[in-house]
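Asker: Take this structure, written in structure tokens, and hold onto it; I'll ask about it next.
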Amino acid sequence: YGKQVVADMITVVEGRVARIREVAKLGVSFVEIHAGLDEQARPGYSIQTLLDDGREAGVPFSIAGGIKADTIASVRQAGATVAVAGGAIYNATDPGAAAKELKKRATA
């Protein structure tokens with residue numbers, strides 16, 4: 001990709017939208033908005049915050065952190081290009097079935 005920065009992972013909690021806009025001005029064309037387990041454990045955490053930040057920033061984005069079968073449709077509706085599901089698959093009793101369900105709901 002030469003000197004063009006294609007992606008950046010945004011893991012900041014405070015000022016996330018400002019940081020996304022800042023890296024976009026530097027030439028980033030895609031960001032992953034990621035909520036690590038520590039952020040997800042904070043009182044009041046909601047994946048909706050990530051989705052709202054992605055929408056507000058106005059840059060193509062993916063979401064990672066709290067993607068589940070019951071939230072994946074809202075990720076697509078928010079305009080995210082990619083949904084990264086970790087725990088929803090690796091913590092499932094049947095990871096294959098969980099992945100299929102996520103795919104089904106993501107593309108419905």
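Following the order of the structure tokens, chains are lettered A, B, ..., residues in each are numbered from 1, and ligands are numbered from 1.
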Please identify the alpha helix (DSSP H) residues within range 11-106 of chain A (assignment by DSSP from backbone atoms) and present them as a PyMOL selection string.

Answerer: chain A and resi 16-25+37-40+47-57+72-77+87-90+95-106

Asker: Store the residues of this selection in a file with C-alpha atoms, as a CSV table (one decimal), in the first residue's frame.

Answerer:
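Dumped to selection.csv:
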chain,number,residue,atom,x,y,z
A,16,ARG,CA,-12.9,8.4,20.3
A,17,VAL,CA,-14.7,10.4,17.5
A,18,ALA,CA,-12.1,13.2,17.7
A,19,ARG,CA,-9.3,10.6,17.3
A,20,ILE,CA,-11.0,8.9,14.4
A,21,ARG,CA,-11.4,12.2,12.6
A,22,GLU,CA,-7.7,13.0,13.4
A,23,VAL,CA,-6.4,9.8,11.9
A,24,ALA,CA,-8.7,10.3,8.9
A,25,LYS,CA,-7.1,13.7,8.2
A,37,LEU,CA,-12.7,-6.5,27.6
A,38,ASP,CA,-11.7,-3.8,30.1
A,39,GLU,CA,-14.0,-1.2,28.4
A,40,GLN,CA,-16.8,-3.8,28.0
A,47,ILE,CA,-22.1,-1.5,21.9
A,48,GLN,CA,-24.4,1.3,20.9
A,49,THR,CA,-21.8,3.7,22.0
A,50,LEU,CA,-19.3,2.3,19.4
A,51,LEU,CA,-22.0,2.4,16.7
A,52,ASP,CA,-22.9,6.0,17.5
A,53,ASP,CA,-19.2,7.0,17.4
A,54,GLY,CA,-18.7,5.3,14.1
A,55,ARG,CA,-21.7,7.0,12.6
A,56,GLU,CA,-20.7,10.4,14.0
A,57,ALA,CA,-17.1,10.1,12.8
A,72,ILE,CA,-25.0,-7.9,14.8
A,73,ALA,CA,-28.0,-6.5,12.8
A,74,SER,CA,-27.6,-3.1,14.5
A,75,VAL,CA,-23.9,-3.1,13.5
A,76,ARG,CA,-24.8,-3.5,9.9
A,77,GLN,CA,-27.6,-0.9,10.2
A,87,GLY,CA,-16.3,-14.1,22.4
A,88,ALA,CA,-19.7,-14.8,20.7
A,89,ILE,CA,-17.9,-17.7,18.8
A,90,TYR,CA,-15.1,-18.9,21.1
A,95,PRO,CA,-18.7,-22.4,17.9
A,96,GLY,CA,-19.7,-23.5,14.4
A,97,ALA,CA,-23.4,-23.0,15.0
A,98,ALA,CA,-22.7,-19.7,16.7
A,99,ALA,CA,-20.7,-18.5,13.6
A,100,LYS,CA,-23.5,-19.6,11.3
A,101,GLU,CA,-26.1,-17.8,13.3
A,102,LEU,CA,-24.0,-14.6,13.3
A,103,LYS,CA,-23.6,-14.8,9.5
A,104,LYS,CA,-27.3,-15.5,9.0
A,105,ARG,CA,-28.3,-12.5,11.1
A,106,ALA,CA,-25.6,-10.2,9.6

Asker: From a DSSP calculation on the backbone, collect every residue of chain A in strand (DSSP E) and output the set as an mmCIF file with N, CA, C and O atoms, in the first residue's frame.

Answerer:
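So result_23.cif came out as:
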data_model
loop_
_atom_site.group_PDB
_atom_site.id
_atom_site.type_symbol
_atom_site.label_atom_id
_atom_site.label_comp_id
_atom_site.auth_asym_id
_atom_site.auth_seq_id
_atom_site.Cartn_x
_atom_site.Cartn_y
_atom_site.Cartn_z
ATOM 1 N N ALA A 7 -5.739 1.476 7.353
ATOM 2 C CA ALA A 7 -6.574 1.219 8.509
ATOM 3 C C ALA A 7 -5.856 1.624 9.788
ATOM 4 O O ALA A 7 -4.650 1.696 9.844
ATOM 5 N N ASP A 8 -6.649 1.875 10.807
ATOM 6 C CA ASP A 8 -6.142 2.180 12.133
ATOM 7 C C ASP A 8 -7.117 1.579 13.127
ATOM 8 O O ASP A 8 -8.329 1.580 12.895
ATOM 9 N N MET A 9 -6.592 1.023 14.225
ATOM 10 C CA MET A 9 -7.467 0.487 15.258
ATOM 11 C C MET A 9 -7.640 1.547 16.325
ATOM 12 O O MET A 9 -6.669 2.057 16.870
ATOM 13 N N ILE A 10 -8.876 1.906 16.606
ATOM 14 C CA ILE A 10 -9.182 2.912 17.606
ATOM 15 C C ILE A 10 -9.615 2.198 18.876
ATOM 16 O O ILE A 10 -10.667 1.558 18.902
ATOM 17 N N PHE A 30 -9.918 3.810 6.707
ATOM 18 C CA PHE A 30 -10.782 2.824 7.362
ATOM 19 C C PHE A 30 -10.296 2.635 8.788
ATOM 20 O O PHE A 30 -9.096 2.555 9.020
ATOM 21 N N VAL A 31 -11.213 2.609 9.756
ATOM 22 C CA VAL A 31 -10.823 2.387 11.148
ATOM 23 C C VAL A 31 -11.600 1.225 11.751
ATOM 24 O O VAL A 31 -12.734 0.956 11.352
ATOM 25 N N GLU A 32 -10.960 0.557 12.704
ATOM 26 C CA GLU A 32 -11.664 -0.431 13.506
ATOM 27 C C GLU A 32 -11.884 0.184 14.868
ATOM 28 O O GLU A 32 -10.928 0.569 15.535
ATOM 29 N N ILE A 33 -13.127 0.277 15.251
ATOM 30 C CA ILE A 33 -13.478 0.800 16.565
ATOM 31 C C ILE A 33 -13.601 -0.407 17.474
ATOM 32 O O ILE A 33 -14.473 -1.246 17.293
ATOM 33 N N HIS A 34 -12.684 -0.480 18.435
ATOM 34 C CA HIS A 34 -12.546 -1.682 19.244
ATOM 35 C C HIS A 34 -12.769 -1.364 20.711
ATOM 36 O O HIS A 34 -12.164 -0.438 21.243
ATOM 37 N N PHE A 61 -15.849 2.165 8.831
ATOM 38 C CA PHE A 61 -15.404 1.560 10.078
ATOM 39 C C PHE A 61 -15.878 0.132 10.247
ATOM 40 O O PHE A 61 -16.812 -0.311 9.608
ATOM 41 N N SER A 62 -15.175 -0.560 11.147
ATOM 42 C CA SER A 62 -15.595 -1.875 11.613
ATOM 43 C C SER A 62 -15.769 -1.776 13.121
ATOM 44 O O SER A 62 -15.263 -0.851 13.750
ATOM 45 N N ILE A 63 -16.491 -2.732 13.678
ATOM 46 C CA ILE A 63 -16.748 -2.756 15.117
ATOM 47 C C ILE A 63 -16.231 -4.070 15.687
ATOM 48 O O ILE A 63 -16.488 -5.136 15.132
ATOM 49 N N ALA A 64 -15.548 -3.986 16.825
ATOM 50 C CA ALA A 64 -15.106 -5.162 17.563
ATOM 51 C C ALA A 64 -15.318 -4.884 19.046
ATOM 52 O O ALA A 64 -14.891 -3.849 19.542
ATOM 53 N N VAL A 82 -17.469 -3.993 8.640
ATOM 54 C CA VAL A 82 -17.055 -5.281 9.179
ATOM 55 C C VAL A 82 -17.511 -5.380 10.635
ATOM 56 O O VAL A 82 -17.462 -4.392 11.360
ATOM 57 N N ALA A 83 -17.943 -6.567 11.037
ATOM 58 C CA ALA A 83 -18.236 -6.862 12.435
ATOM 59 C C ALA A 83 -17.282 -7.965 12.870
ATOM 60 O O ALA A 83 -17.236 -9.021 12.251
ATOM 61 N N VAL A 84 -16.510 -7.702 13.911
ATOM 62 C CA VAL A 84 -15.540 -8.680 14.409
ATOM 63 C C VAL A 84 -16.134 -9.350 15.640
ATOM 64 O O VAL A 84 -16.316 -8.708 16.670
#

Asker: How far is it from CA of Gly58 in chain A to CA of Thr107 in chain A, in Å with one decimal?

Answerer: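 Taking CA of Gly58 in chain A and CA of Thr107 in chain A, their separation equals 22.5 Å.
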
Asker: Using only C-alpha atoms, which of the listed residues (A:Gly15, A:Gly65, A:Gly27, A:Pro43) sits closest to Gly86 in chain A?

Answerer: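 Of all the options, A:Gly65 lies closest to Gly86 in chain A.
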